[in-house]
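Working notes, beginning with the structure itself.
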2 protein chains.
Amino acid sequence: MEQTNHTPTHFVEELAELKQALLAMGGKAEERVSLAIQGLVQRDAEMILDAKTGDEALNRAQLEIDDRAFKLLALHQPMAVDLRFIVGSVKINADLERVGDLAVNIAEAAERYIRHPSVKSLIDLPRMAELAQRMLRDALDSFVRQDLALAQLVLGRDDELDALKNQVFRELLGHMLADPRTIEPGLDLILVSRHLERIGDHATNIAEDVIFIFAARDVRHQGQDQSVPT
Amino acid sequence: MEQTNHTPTHFVEELAELKQALLAMGGKAEERVSLAIQGLVQRDAEMILDAKTGDEALNRAQLEIDDRAFKLLALHQPMAVDLRFIVGSVKINADLERVGDLAVNIAEAAERYIRHPSVKSLIDLPRMAELAQRMLRDALDSFVRQDLALAQLVLGRDDELDALKNQVFRELLGHMLADPRTIEPGLDLILVSRHLERIGDHATNIAEDVIFIFAARDVRHQGQDQSVPT
């Protein structure tokens with residue numbers, strides 16, 4: 001089957017550019033999360049406002065990446081791993097955009113939270129944020145480097161994030177039961193922990209896509225309704 | 001450019017089958033949500049357990065739909081609207097699968113909730129569930145019928161769901177402040193309302209994809225960083 005009038009070299013270069021654009025978008029999404037969590041921990045209203053409103057660059061990046069991916073599909077009609085890579089990029093792109101939305105949600109909760117006195121010193125939430133961001137970064141790295149072992153590592157870390165989330169919940173519940181004044185701000189911290197959990201979920205989605213793209217096998221729902229050789 | 005050895009008729013039939021598979025998957029996802037909410041409202045532990053564990057069919061359907069979509073892309077190398085339709089299917093498929101996950105999350109919250117006495121009669125949460133399910137159904141219908149007006153309608157309904165969520169929150173906060181025994185079960189109802197909100201978000205994602213697929217314009221982030229002609 002003949003390729004289009006684009007040379008294969010162009011195709012390879014354009015794939016590399018798509019990869020770079022996704023990495024850059026991942027970096028931006030991570031920054032948004034950092035800013036929102038820092039604003040929360042430092043009770044910095046200006047930083048929080050910035051985290052809440054400044055995601056235009058991320059939105060533009062998403063449109064640009066989709067555009068790149070669809071052009072590659074239409075012009076080069078790629079097969080096999082290239083095809084899965086490009087369609088996977090469109091999915092990963094959507095995950096990254098939602099990480100940006102979650103950063104906005106965290107900033108909204110932070111905005112309400114700092115209107116109240118502190119419920120507790122925030123140690124576990126920044127730890128959750130760090131873990132979720134590391135998962136996101138590693139998931140994207142595994143994508144760029146086609147590193148299946150790293151993608152598997154990301155999948156394993158979801159339990160750690162879940163355990164931290166449960167710890168945050170139990171501790172805040174204790175505060176809320178002991179002092180009703182902590183109920184409203186405590187609720188917002190619980191919501192932040194859920195948003196961070198969801199960022200971990202998106203990293204997990206990306207890692208699953210990476211394994212699907214490069215190993216051509218589907219790890220989603222393994223152990224639930226099908227066995228997958230390791 | 002020559003097509004593959006498949007005739008266009010085959011392609012049209014296979015596209016129709018992909019559409020039907022997505023509709024069926026949407027129906028299954030909706031059922032999971034119904035079951036979880038019904039279990040919560042009726043405090044029916046068996047129904048809740050069923051909602052928590054019985055989503056293998058949905059997971060199988062997801063794998064099958066991705067498989068269909070990638071085969072169509074590889075064999076027929078579709079262009080323009082067909083290309084966007086098939087890649088869109090892969091994205092919509094992921095959204096539907098996550099709706100199934102959210103039904104599991106609702107069932108998990110319901111399982112904890114029914115261990116406590118009722119906090120309040122559940123009226124707004126079933127209303128939220130109905131609205132979210134209708135959004136999901138209409139988004140999928142708009143996809144199958146290529147109905148851009150219906151997709152726009154879905155986008156508009158997100159505010160209604162948001163208002164209900166805020167109402168649920170305020171009411172539950174009132175209960176929790178008045179009676180600490182309602183804090184723990186109240187938290188689970190707030191989480192259920194957030195899960196339902198996210199189902200609405202997935203319906204919104206699907207509606208945006210529909211408009212992108214059939215109108216070839218991107219409504220995502222409109223009014224934020226670009227103007228889009230109507």
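How things are named: the first chain in the structure tokens is A, the next is B, and so on; residues count from 1 in each chain; ligands count from 1 in the order shown.
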Practice task
Output the contact residues of chain B with respect to chain A at a cut-off of 8 Å, based on only C-alpha atoms, as a VMD selection string.
Solution key: chain B and resid 56 59 to 60 63 70 74 77 to 80 83 to 84 87 90 to 91 173 176 to 177 180 183 to 184 187 218 221 224 to 225
Dump as an mmCIF file, in the first residue's frame, selection limited to N, CA and C atoms:
```
data_model
loop_
_atom_site.group_PDB
_atom_site.id
_atom_site.type_symbol
_atom_site.label_atom_id
_atom_site.label_comp_id
_atom_site.auth_asym_id
_atom_site.auth_seq_id
_atom_site.Cartn_x
_atom_site.Cartn_y
_atom_site.Cartn_z
ATOM 1 N N GLU B 56 -18.727 -6.647 34.986
ATOM 2 C CA GLU B 56 -17.882 -7.362 34.014
ATOM 3 C C GLU B 56 -18.399 -7.178 32.590
ATOM 4 N N ASN B 59 -17.145 -4.004 31.207
ATOM 5 C CA ASN B 59 -15.715 -4.069 30.911
ATOM 6 C C ASN B 59 -15.446 -4.848 29.620
ATOM 7 N N ARG B 60 -16.161 -5.957 29.448
ATOM 8 C CA ARG B 60 -16.016 -6.733 28.214
ATOM 9 C C ARG B 60 -16.443 -5.903 27.012
ATOM 10 N N LEU B 63 -13.726 -3.421 25.883
ATOM 11 C CA LEU B 63 -12.633 -4.031 25.118
ATOM 12 C C LEU B 63 -13.086 -4.344 23.692
ATOM 13 N N PHE B 70 -10.405 -0.064 16.333
ATOM 14 C CA PHE B 70 -9.040 -0.152 15.785
ATOM 15 C C PHE B 70 -9.007 -0.989 14.506
ATOM 16 N N ALA B 74 -7.662 0.353 10.906
ATOM 17 C CA ALA B 74 -6.560 -0.316 10.217
ATOM 18 C C ALA B 74 -6.983 -0.846 8.856
ATOM 19 N N GLN B 77 -8.899 2.573 6.717
ATOM 20 C CA GLN B 77 -8.236 3.871 6.640
ATOM 21 C C GLN B 77 -9.187 4.992 6.266
ATOM 22 N N PRO B 78 -10.180 5.181 7.121
ATOM 23 C CA PRO B 78 -11.235 6.165 6.818
ATOM 24 C C PRO B 78 -10.714 7.605 6.872
ATOM 25 N N MET B 79 -11.449 8.495 6.230
ATOM 26 C CA MET B 79 -11.076 9.907 6.171
ATOM 27 C C MET B 79 -12.184 10.772 6.773
ATOM 28 N N ALA B 80 -11.848 12.024 6.981
ATOM 29 C CA ALA B 80 -12.809 13.072 7.368
ATOM 30 C C ALA B 80 -13.751 12.627 8.470
ATOM 31 N N LEU B 83 -13.335 9.134 10.013
ATOM 32 C CA LEU B 83 -12.153 9.059 10.872
ATOM 33 C C LEU B 83 -12.455 9.645 12.244
ATOM 34 N N ARG B 84 -13.044 10.838 12.241
ATOM 35 C CA ARG B 84 -13.355 11.476 13.526
ATOM 36 C C ARG B 84 -14.385 10.669 14.309
ATOM 37 N N VAL B 87 -12.440 7.543 15.886
ATOM 38 C CA VAL B 87 -11.579 7.960 17.009
ATOM 39 C C VAL B 87 -12.457 8.476 18.159
ATOM 40 N N VAL B 90 -13.691 5.716 20.346
ATOM 41 C CA VAL B 90 -12.716 5.236 21.336
ATOM 42 C C VAL B 90 -12.768 6.127 22.581
ATOM 43 N N LYS B 91 -12.914 7.447 22.354
ATOM 44 C CA LYS B 91 -13.003 8.373 23.490
ATOM 45 C C LYS B 91 -14.315 8.189 24.257
ATOM 46 N N LEU B 173 -24.936 19.872 54.775
ATOM 47 C CA LEU B 173 -24.090 20.620 55.705
ATOM 48 C C LEU B 173 -24.922 21.080 56.911
ATOM 49 N N MET B 176 -25.377 18.183 59.207
ATOM 50 C CA MET B 176 -24.129 17.803 59.874
ATOM 51 C C MET B 176 -23.773 18.782 60.995
ATOM 52 N N LEU B 177 -24.069 20.061 60.755
ATOM 53 C CA LEU B 177 -23.774 21.075 61.774
ATOM 54 C C LEU B 177 -24.725 20.921 62.960
ATOM 55 N N PRO B 180 -24.015 15.891 65.028
ATOM 56 C CA PRO B 180 -22.760 15.239 64.637
ATOM 57 C C PRO B 180 -22.935 13.776 64.211
ATOM 58 N N ILE B 183 -22.730 13.305 60.524
ATOM 59 C CA ILE B 183 -21.528 13.711 59.766
ATOM 60 C C ILE B 183 -21.039 12.588 58.849
ATOM 61 N N GLU B 184 -20.868 11.408 59.436
ATOM 62 C CA GLU B 184 -20.293 10.325 58.634
ATOM 63 C C GLU B 184 -21.216 9.909 57.481
ATOM 64 N N LEU B 187 -21.430 12.671 54.823
ATOM 65 C CA LEU B 187 -20.269 12.714 53.926
ATOM 66 C C LEU B 187 -20.461 11.780 52.734
ATOM 67 N N ASP B 218 -14.586 22.647 17.171
ATOM 68 C CA ASP B 218 -14.284 22.253 18.536
ATOM 69 C C ASP B 218 -14.960 23.205 19.507
ATOM 70 N N HIS B 221 -13.796 24.531 25.428
ATOM 71 C CA HIS B 221 -13.161 25.784 25.850
ATOM 72 C C HIS B 221 -13.663 26.999 25.093
ATOM 73 N N GLN B 224 -13.758 30.687 26.475
ATOM 74 C CA GLN B 224 -12.664 30.833 27.420
ATOM 75 C C GLN B 224 -11.467 31.478 26.741
ATOM 76 N N ASP B 225 -11.114 30.934 25.619
ATOM 77 C CA ASP B 225 -9.912 31.451 24.990
ATOM 78 C C ASP B 225 -10.065 31.566 23.478
#
```
Practice task
Find the spatial neighbours of Asn105 in chain A, counting only C-alpha atoms, within a cut-off of 9 Å - ignore same-chain residues fewer than 5 positions away - and output them as JSON, numbers by chain.
Solution key: {"A": [36, 52, 100, 110, 191, 192, 195]}
Exercise for the section: One decimal, Å: what's the distance from CA of Asp138 in chain B over to CA of Arg198 in chain A, could you say? Expected result: 25.6 Å
Practice task
Find the residues around Asp50 in chain B up to 10 Å (only C-alpha atoms counted), leave out those fewer than 2 positions away in its own chain, and share them as a PyMOL selection string.
Solution key: chain B and resi 32+35-36+39+45-48+52-55+104+107
Take the residues just selected and output them with C-alpha atoms as a CSV table (one decimal), in the first residue's frame.
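Resulting contents of result-v5.csv:
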```
chain,number,residue,atom,x,y,z
B,32,ARG,CA,-25.4,0.3,36.7
B,35,LEU,CA,-29.1,0.0,40.3
B,36,ALA,CA,-26.6,1.8,42.6
B,39,GLY,CA,-30.0,0.3,46.2
B,45,ALA,CA,-27.8,-4.3,50.6
B,46,GLU,CA,-28.2,-7.0,48.0
B,47,MET,CA,-28.9,-4.5,45.2
B,48,ILE,CA,-26.0,-2.4,46.3
B,52,LYS,CA,-20.7,-2.9,43.3
B,53,THR,CA,-19.6,-6.1,41.7
B,54,GLY,CA,-21.5,-6.8,38.5
B,55,ASP,CA,-19.8,-4.6,35.9
B,104,VAL,CA,-19.3,1.2,41.6
B,107,ALA,CA,-22.5,1.6,45.5
```
Practice task
Please give the complete set of residues from range 87-228 of chain A that DSSP, run on the backbone, assigns to helix (DSSP H, G or I), formatted as a PyMOL selection string.
Solution key: chain A and resi 87-113+124-144+148-178+180-215
Completion exercise
Here CA of Ile199 in chain B and CA of Leu102 in chain B stand apart by 7.3 Å
Exercise for the section: List the neighbours of Leu125 in chain B out to 9 Å using only C-alpha atoms; skip same-chain residues closer than 3 positions along the sequence, and give me the result as a VMD selection string. Expected result: chain B and resid 37 41 122 128 to 130 164 to 165 168 189 192 to 193 196
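Note that CA of Asp101 in chain A and CA of Ala24 in chain B are 29.1 Å apart.
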Exercise for the section: Mind checking which residues fall within 9 Å of Val154 in chain B, counting only C-alpha atoms, ignoring those fewer than 6 positions away in the same chain, and posting them as a ChimeraX atom specification? Expected result: /B:134-136,138-139,200,203-204,207
Go ahead and save the residues from that selection, with all heavy atoms, as an mmCIF file, in the first residue's frame.
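Once written, result.cif looks like this:
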```
data_model
loop_
_atom_site.group_PDB
_atom_site.id
_atom_site.type_symbol
_atom_site.label_atom_id
_atom_site.label_comp_id
_atom_site.auth_asym_id
_atom_site.auth_seq_id
_atom_site.Cartn_x
_atom_site.Cartn_y
_atom_site.Cartn_z
ATOM 1 N N ARG B 134 -30.226 11.075 31.997
ATOM 2 C CA ARG B 134 -30.852 11.643 30.793
ATOM 3 C C ARG B 134 -29.793 12.341 29.932
ATOM 4 O O ARG B 134 -29.778 12.213 28.708
ATOM 5 C CB ARG B 134 -31.952 12.638 31.191
ATOM 6 C CG ARG B 134 -32.702 13.200 29.996
ATOM 7 C CD ARG B 134 -34.157 13.531 30.284
ATOM 8 N NE ARG B 134 -34.318 14.163 31.573
ATOM 9 C CZ ARG B 134 -34.453 15.501 31.759
ATOM 10 N NH1 ARG B 134 -34.432 16.324 30.727
ATOM 11 N NH2 ARG B 134 -34.622 16.000 32.963
ATOM 12 N N MET B 135 -28.880 13.046 30.589
ATOM 13 C CA MET B 135 -27.795 13.703 29.843
ATOM 14 C C MET B 135 -26.977 12.676 29.077
ATOM 15 O O MET B 135 -26.635 12.858 27.909
ATOM 16 C CB MET B 135 -26.882 14.481 30.802
ATOM 17 C CG MET B 135 -27.460 15.800 31.293
ATOM 18 S SD MET B 135 -26.452 16.552 32.616
ATOM 19 C CE MET B 135 -25.003 17.090 31.664
ATOM 20 N N LEU B 136 -26.688 11.567 29.756
ATOM 21 C CA LEU B 136 -25.884 10.507 29.144
ATOM 22 C C LEU B 136 -26.618 9.911 27.935
ATOM 23 O O LEU B 136 -26.035 9.726 26.863
ATOM 24 C CB LEU B 136 -25.622 9.424 30.196
ATOM 25 C CG LEU B 136 -24.514 8.440 29.925
ATOM 26 C CD1 LEU B 136 -23.173 9.149 29.852
ATOM 27 C CD2 LEU B 136 -24.471 7.360 31.021
ATOM 28 N N ASP B 138 -29.091 11.236 26.150
ATOM 29 C CA ASP B 138 -29.226 12.211 25.064
ATOM 30 C C ASP B 138 -27.894 12.422 24.338
ATOM 31 O O ASP B 138 -27.869 12.593 23.122
ATOM 32 C CB ASP B 138 -29.749 13.551 25.604
ATOM 33 C CG ASP B 138 -31.235 13.471 25.929
ATOM 34 O OD1 ASP B 138 -31.877 12.481 25.512
ATOM 35 O OD2 ASP B 138 -31.755 14.383 26.592
ATOM 36 N N ALA B 139 -26.803 12.409 25.099
ATOM 37 C CA ALA B 139 -25.491 12.580 24.465
ATOM 38 C C ALA B 139 -25.240 11.429 23.484
ATOM 39 O O ALA B 139 -24.801 11.651 22.354
ATOM 40 C CB ALA B 139 -24.392 12.640 25.524
ATOM 41 N N GLY B 200 -22.484 13.443 34.842
ATOM 42 C CA GLY B 200 -22.886 14.556 33.976
ATOM 43 C C GLY B 200 -21.699 15.104 33.179
ATOM 44 O O GLY B 200 -21.835 15.449 32.011
ATOM 45 N N ALA B 203 -21.137 12.887 30.277
ATOM 46 C CA ALA B 203 -22.142 13.159 29.237
ATOM 47 C C ALA B 203 -21.752 14.420 28.463
ATOM 48 O O ALA B 203 -21.860 14.468 27.225
ATOM 49 C CB ALA B 203 -23.523 13.313 29.870
ATOM 50 N N THR B 204 -21.269 15.426 29.188
ATOM 51 C CA THR B 204 -20.820 16.664 28.556
ATOM 52 C C THR B 204 -19.647 16.395 27.610
ATOM 53 O O THR B 204 -19.621 16.896 26.479
ATOM 54 C CB THR B 204 -20.402 17.686 29.644
ATOM 55 O OG1 THR B 204 -21.539 17.952 30.469
ATOM 56 C CG2 THR B 204 -19.918 18.979 29.028
ATOM 57 N N ALA B 207 -21.035 14.856 24.486
ATOM 58 C CA ALA B 207 -21.728 15.850 23.648
ATOM 59 C C ALA B 207 -20.715 16.731 22.905
ATOM 60 O O ALA B 207 -20.904 17.068 21.736
ATOM 61 C CB ALA B 207 -22.671 16.694 24.506
#
```
Exercise for the section: Using only C-alpha atoms, pick whichever of B:Arg170, B:Arg115, B:Arg137, B:Lys120 has the shortest atom-to-atom distance to Glu31 in chain B. Expected result: B:Arg137
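For the choices A:Phe85, A:His175, A:Asp158, A:Gln42, the atom-to-atom distance to Ile211 in chain A is smallest for A:Phe85 when using only C-alpha atoms.
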